[in-house]
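Next up, model-v1.cif (mmCIF, C-alpha atoms):
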```
data_data
loop_
_atom_site.label_atom_id
_atom_site.label_comp_id
_atom_site.auth_asym_id
_atom_site.auth_seq_id
_atom_site.Cartn_x
_atom_site.Cartn_y
_atom_site.Cartn_z
CA MET A 1 100.37 82.16 108.15
CA ALA A 2 98.57 85.51 108.06
CA TYR A 3 98.85 88.75 106.14
CA THR A 4 97.78 92.37 106.50
CA VAL A 5 97.29 95.08 103.89
CA GLU A 6 97.51 98.58 105.30
CA ILE A 7 98.05 102.23 104.60
CA GLU A 8 100.49 103.43 107.24
CA ARG A 9 100.47 107.13 108.03
CA LEU A 10 103.14 108.58 110.22
CA ARG A 11 104.63 111.89 111.14
CA ALA A 12 108.33 111.99 111.96
CA LYS A 13 111.61 113.69 111.24
CA VAL A 14 112.93 111.85 108.19
CA GLY A 15 116.57 111.56 107.09
CA GLY A 16 117.94 113.91 109.71
CA ARG A 17 115.74 116.80 108.61
CA GLU A 18 114.85 119.56 111.05
CA ASP A 19 111.17 119.58 110.08
CA MET A 20 108.53 116.95 110.60
CA SER A 21 107.32 115.10 107.49
CA ASP A 22 104.03 113.34 106.80
CA VAL A 23 104.71 109.91 105.40
CA ALA A 24 102.12 107.57 103.87
CA LEU A 25 103.00 104.04 102.83
CA ARG A 26 101.13 101.13 101.25
CA VAL A 27 102.21 98.12 103.31
CA THR A 28 101.84 94.35 102.97
CA CYS A 29 103.03 92.27 105.93
CA ILE A 30 103.23 88.50 106.12
CA TYR A 31 103.36 86.69 109.46
CA ARG A 32 103.93 83.14 110.65
CA ARG A 33 102.80 81.73 113.99
CA GLU A 34 105.80 80.38 115.85
CA SER A 35 106.22 79.17 119.42
CA GLY A 36 106.74 82.74 120.63
CA GLY A 37 103.65 84.05 118.86
CA TRP A 38 103.04 85.77 115.52
CA LYS A 39 106.31 86.75 113.85
CA LEU A 40 106.87 89.00 110.84
CA LEU A 41 108.31 87.13 107.84
CA HIS A 42 108.16 89.73 105.10
CA ARG A 43 107.27 93.40 104.69
CA HIS A 44 106.66 95.19 101.42
CA ALA A 45 106.19 98.95 101.66
CA ASP A 46 106.08 101.73 99.09
CA PRO A 47 105.04 105.39 99.10
CA ALA A 48 102.66 105.13 96.13
CA VAL A 49 99.56 106.01 98.12
CA GLY A 50 98.04 108.34 95.51
CA ARG A 51 96.70 107.22 92.13
CA GLN A 52 99.07 106.92 89.19
CA THR A 53 98.81 106.59 85.43
CA ALA A 54 99.92 103.33 83.82
CA ASP A 55 102.62 105.18 81.95
CA SER A 56 104.15 106.77 85.03
CA VAL A 57 105.24 103.46 86.59
CA VAL A 58 107.27 102.38 83.59
CA GLN A 59 110.94 103.28 83.48
CA GLY A 60 112.55 103.97 80.14
CA MET B 1 106.74 66.02 96.00
CA SER B 2 106.70 68.13 99.14
CA ASP B 3 104.30 71.01 99.65
CA ARG B 4 107.09 73.47 98.93
CA ASP B 5 108.16 71.69 95.75
CA ASP B 6 104.54 71.51 94.61
CA PHE B 7 104.04 75.21 95.20
CA LEU B 8 107.30 76.19 93.46
CA ALA B 9 106.40 74.04 90.46
CA TRP B 10 103.04 75.83 90.22
CA VAL B 11 104.72 79.27 90.49
CA LYS B 12 107.13 78.38 87.68
CA SER B 13 104.49 76.89 85.40
CA ALA B 14 100.83 77.99 85.75
CA LEU B 15 101.55 81.35 87.41
CA TYR B 16 104.34 82.15 84.96
CA GLN B 17 102.15 81.32 81.95
CA ALA B 18 99.33 83.49 83.29
CA GLU B 19 101.62 86.49 83.70
CA LEU B 20 102.95 85.99 80.17
CA ALA B 21 99.40 85.91 78.83
CA LEU B 22 98.46 89.09 80.70
CA HIS B 23 101.37 90.97 79.17
CA ASN B 24 100.18 89.78 75.77
CA GLY B 25 96.77 91.32 76.43
CA ASP B 26 94.85 88.35 77.86
CA SER B 27 93.95 88.58 81.56
CA ALA B 28 91.78 85.42 81.64
CA PRO B 29 94.56 83.01 82.69
CA ARG B 30 95.62 85.34 85.50
CA ARG B 31 92.01 85.82 86.63
CA ALA B 32 91.56 82.06 86.72
CA LEU B 33 94.46 81.75 89.16
CA TRP B 34 93.07 84.37 91.54
CA SER B 35 90.73 83.34 94.33
CA ARG B 36 86.98 83.74 93.85
CA ASN B 37 86.59 84.13 97.62
CA GLU B 38 87.03 87.26 99.71
CA PRO B 39 89.28 88.82 100.71
CA VAL B 40 91.24 89.62 97.57
CA SER B 41 93.30 92.76 97.13
CA ILE B 42 95.86 94.48 94.97
CA LEU B 43 98.29 97.23 95.91
CA GLY B 44 99.33 97.46 92.31
CA ALA B 45 102.06 99.17 90.36
CA TRP B 46 99.21 101.00 88.66
CA ARG B 47 96.03 100.73 90.77
CA ASN B 48 94.74 99.46 94.09
CA ALA B 49 91.78 97.09 94.30
CA TYR B 50 89.82 95.59 97.17
CA GLY B 51 87.27 92.87 96.52
CA GLN B 52 86.25 90.71 93.57
CA HIS B 53 84.49 93.47 91.63
CA GLU B 54 87.41 95.93 91.77
CA LEU B 55 89.79 93.07 90.91
CA ASP B 56 87.84 92.37 87.72
CA GLU B 57 87.99 96.05 86.80
CA VAL B 58 91.75 96.24 87.29
CA PHE B 59 92.41 93.12 85.24
CA ALA B 60 90.17 94.37 82.44
CA GLY B 61 92.14 97.61 82.41
CA LEU B 62 95.52 95.89 82.45
CA GLU B 63 94.48 93.62 79.59
CA LYS B 64 93.82 96.66 77.39
CA SER B 65 97.18 98.26 78.27
CA PHE B 66 99.49 95.34 77.51
CA SER B 67 100.52 93.65 74.25
CA ASP B 68 103.49 92.12 72.44
CA CYS B 69 105.37 90.73 75.43
CA THR B 70 108.89 89.92 74.24
CA SER B 71 110.18 88.84 77.64
CA TYR B 72 108.88 88.07 81.12
CA ALA B 73 110.93 86.61 83.96
CA PHE B 74 110.19 86.24 87.66
CA GLU B 75 113.25 86.38 89.90
CA LEU B 76 112.03 84.66 93.08
CA GLN B 77 113.81 86.05 96.13
CA ALA B 78 111.82 84.67 99.08
CA TYR B 79 108.88 82.36 99.65
CA ASP B 80 107.30 80.12 102.25
CA VAL B 81 104.44 77.63 102.46
CA VAL B 82 102.62 77.06 105.75
CA ASP B 83 99.56 74.78 105.64
CA ASP B 84 97.13 76.30 103.11
CA MET B 85 98.88 79.66 102.71
CA ALA B 86 101.99 80.75 100.89
CA TYR B 87 103.77 83.88 99.74
CA THR B 88 106.34 84.88 97.15
CA ALA B 89 108.54 87.97 96.98
CA GLY B 90 110.72 88.79 94.03
CA LEU B 91 111.41 90.89 90.96
CA GLU B 92 109.34 90.76 87.77
CA HIS B 93 111.37 91.68 84.70
CA THR B 94 109.09 92.56 81.79
CA SER B 95 109.51 93.72 78.21
CA ALA B 96 106.14 94.43 76.61
CA SER B 97 104.21 97.18 74.90
CA VAL B 98 102.32 99.45 77.29
CA ASN B 99 99.59 101.35 75.43
CA GLY B 100 101.40 100.49 72.23
CA GLN B 101 104.83 101.68 73.38
CA PRO B 102 107.59 99.06 73.86
CA ARG B 103 108.90 99.22 77.42
CA SER B 104 111.25 97.31 79.67
CA TYR B 105 110.86 97.58 83.41
CA THR B 106 111.22 95.75 86.70
CA LEU B 107 108.64 95.52 89.46
CA ARG B 108 109.11 94.37 93.06
CA ALA B 109 106.21 91.99 93.67
CA THR B 110 104.89 90.29 96.80
CA GLN B 111 101.98 87.90 96.44
CA VAL B 112 99.97 85.92 99.01
CA TYR B 113 98.29 82.65 98.05
CA ARG B 114 95.55 80.46 99.55
CA ARG B 115 95.08 76.79 98.77
CA GLU B 116 91.41 76.30 97.93
CA GLY B 117 90.03 72.91 96.98
CA GLY B 118 93.59 71.63 96.61
CA GLU B 119 94.56 74.37 94.14
CA TRP B 120 96.78 77.38 94.82
CA LYS B 121 95.01 80.69 94.23
CA VAL B 122 96.34 84.24 94.47
CA ALA B 123 94.71 86.31 97.23
CA HIS B 124 96.82 89.47 97.31
CA ARG B 125 99.39 91.26 95.17
CA HIS B 126 101.63 94.19 96.09
CA ALA B 127 103.82 95.55 93.30
CA ASP B 128 105.81 98.71 92.76
CA THR B 129 108.44 99.97 90.37
CA VAL B 130 112.09 99.39 91.16
CA THR B 131 113.93 102.67 91.26
CA GLU B 132 117.69 102.87 91.47
#
```

Written as structure tokens, how would this file's structure read?
Amino acid sequence: MAYTVEIERLRAKVGGREDMSDVALRVTCIYRRESGGWKLLHRHADPAVGRQTADSVVQG
Amino acid sequence: MSDRDDFLAWVKSALYQAELALHNGDSAPRRALWSRNEPVSILGAWRNAYGQHELDEVFAGLEKSFSDCTSYAFELQAYDVVDDMAYTAGLEHTSASVNGQPRSYTLRATQVYRREGGEWKVAHRHADTVTE
């Protein structure tokens, strides 16, 4: 098993918009080696690339 | 007990107890379950950390923020164990005081584990807030 921790930065048209958007994601990927090579098992991505206060992540 | 059963039992006991303790303001049990070897990393609900030193800083900060945990539950959604590595993915449901204010919230959490000296240790955590 292997894992990677990345910041993914991409530029694309998102959600059918006319304009290009810059997207940054924090990404964790987990892989398993199978007969065909390394395969992705799990991906966890979120857009929280900037710093946040403790209070801001709590709902309610 | 199979590897998978062993690992699940550890998640439901030692790991669970450590998370409970953290949300009551004591990060020592959680720190003890994290690896002392590099690499370690957190993409946290609050802060990111890379390396042992930053890890210690984050845990010290979290410890000060949490108290009076009235409820903590881990809803395991996916996991696997392959040799000396494992992962879990699921939802953490917490009710605790954050900086003195009672809160209830859910985090999506993915963790990666390494077996070191026969013991499971956490190597990486990725958590973010569940939004509807």

For CA of Tyr50 in chain B and CA of Gly50 in chain A, quote the distance in Å rounded to one decimal.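 These two atoms are separated by 15.3 Å.
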
Selection in question (the file shown): the PyMOL selection byres ((chain B and resi 110) around 6). Which residues does it include, as a PyMOL selection string? chain B and resi 88-89+109+111+125-126

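Between CA of Arg33 in chain A and CA of Val5 in chain A there is a distance of 17.6 Å.
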
Sorted by chain and rising residue number, list the residues of chain B at most 9 Å from chain A (counting all atoms listed in the file), each with its closest atom pair and distance in Å to one decimal, as a Markdown table.
```
| residue | atom | partner | partner_atom | distance |
| --- | --- | --- | --- | --- |
| B:Ser41 | CA | A:Val5 | CA | 8.2 |
| B:Leu43 | CA | A:Arg26 | CA | 7.2 |
| B:Ala45 | CA | A:Val57 | CA | 6.5 |
| B:Trp46 | CA | A:Ala54 | CA | 5.4 |
| B:Arg47 | CA | A:Arg51 | CA | 6.7 |
| B:Asn48 | CA | A:Arg51 | CA | 8.2 |
| B:Leu62 | CA | A:Ala54 | CA | 8.8 |
| B:Ser65 | CA | A:Ala54 | CA | 8.0 |
| B:Ala78 | CA | A:His42 | CA | 8.7 |
| B:Val81 | CA | A:Met1 | CA | 8.3 |
| B:Val82 | CA | A:Met1 | CA | 6.1 |
| B:Asp83 | CA | A:Met1 | CA | 7.8 |
| B:Asp84 | CA | A:Met1 | CA | 8.4 |
| B:Met85 | CA | A:Met1 | CA | 6.2 |
| B:Ala86 | CA | A:Met1 | CA | 7.6 |
| B:Tyr87 | CA | A:Ile30 | CA | 7.9 |
| B:Ala89 | CA | A:His42 | CA | 8.3 |
| B:Val98 | CA | A:Asp55 | CA | 7.4 |
| B:Asn99 | CA | A:Asp55 | CA | 8.1 |
| B:Arg103 | CA | A:Gly60 | CA | 6.6 |
| B:Ser104 | CA | A:Gly60 | CA | 6.8 |
| B:Tyr105 | CA | A:Gln59 | CA | 5.7 |
| B:Thr106 | CA | A:Gln59 | CA | 8.2 |
| B:Arg108 | CA | A:His44 | CA | 8.8 |
| B:Ala109 | CA | A:His44 | CA | 8.4 |
| B:Thr110 | CA | A:His44 | CA | 7.0 |
| B:Val112 | CA | A:Tyr3 | CA | 7.8 |
| B:His124 | CA | A:Val5 | CA | 8.7 |
| B:Arg125 | CA | A:Thr28 | CA | 8.7 |
| B:His126 | CA | A:Thr28 | CA | 6.9 |
| B:Ala127 | CA | A:His44 | CA | 8.6 |
| B:Asp128 | CA | A:Asp46 | CA | 7.0 |
| B:Thr129 | CA | A:Val57 | CA | 6.1 |
| B:Val130 | CA | A:Gln59 | CA | 8.7 |
| B:Thr131 | CA | A:Gln59 | CA | 8.4 |
```

Could you pull the residues within 12 Å of Val11 in chain B, counting all atoms listed in the file, minus those fewer than 3 positions along the same chain, as a VMD selection string? chain B and resid 4 to 8 14 to 19 33 73 to 76 79 86 to 90 111 to 113 119 to 122

What gap, in Å, lies between CA of Pro29 in chain B and CA of Glu63 in chain B?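 CA of Glu63 in chain B lies at a distance of 11.1 Å from CA of Pro29 in chain B.
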
Selection dump of the PyMOL selection byres ((chain B and resi 23-28) around 9), as a VMD selection string: chain B and resid 18 to 22 29 to 33 59 to 60 62 to 70 72 94 to 98

Prev. selection, C-alpha atoms, output as a CSV table (one decimal), in the frame of the given file:
```
chain,number,residue,atom,x,y,z
B,18,ALA,CA,99.3,83.5,83.3
B,19,GLU,CA,101.6,86.5,83.7
B,20,LEU,CA,103.0,86.0,80.2
B,21,ALA,CA,99.4,85.9,78.8
B,22,LEU,CA,98.5,89.1,80.7
B,29,PRO,CA,94.6,83.0,82.7
B,30,ARG,CA,95.6,85.3,85.5
B,31,ARG,CA,92.0,85.8,86.6
B,32,ALA,CA,91.6,82.1,86.7
B,33,LEU,CA,94.5,81.8,89.2
B,59,PHE,CA,92.4,93.1,85.2
B,60,ALA,CA,90.2,94.4,82.4
B,62,LEU,CA,95.5,95.9,82.4
B,63,GLU,CA,94.5,93.6,79.6
B,64,LYS,CA,93.8,96.7,77.4
B,65,SER,CA,97.2,98.3,78.3
B,66,PHE,CA,99.5,95.3,77.5
B,67,SER,CA,100.5,93.6,74.2
B,68,ASP,CA,103.5,92.1,72.4
B,69,CYS,CA,105.4,90.7,75.4
B,70,THR,CA,108.9,89.9,74.2
B,72,TYR,CA,108.9,88.1,81.1
B,94,THR,CA,109.1,92.6,81.8
B,95,SER,CA,109.5,93.7,78.2
B,96,ALA,CA,106.1,94.4,76.6
B,97,SER,CA,104.2,97.2,74.9
B,98,VAL,CA,102.3,99.4,77.3
```

With a distance cut-off of 7 Å and all atoms listed in the file, select the neighbouring residues of Asp22 in chain A, excluding the residue or stretch itself and same-chain residues fewer than 3 positions from it, and output the selection as an MDAnalysis selection string. chainID A and resid 10:12

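The smallest atom-to-atom distance between Ala49 in chain B and any of B:Gly61, B:Gly100, B:Trp10, B:Ser71, using all atoms listed in the file, is found for B:Gly61.
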
Give me the result of the PyMOL selection byres ((chain B and resi 51) around 9) on this file, residue by residue, as a PyMOL selection string. chain B and resi 37-42+49-50+52-56
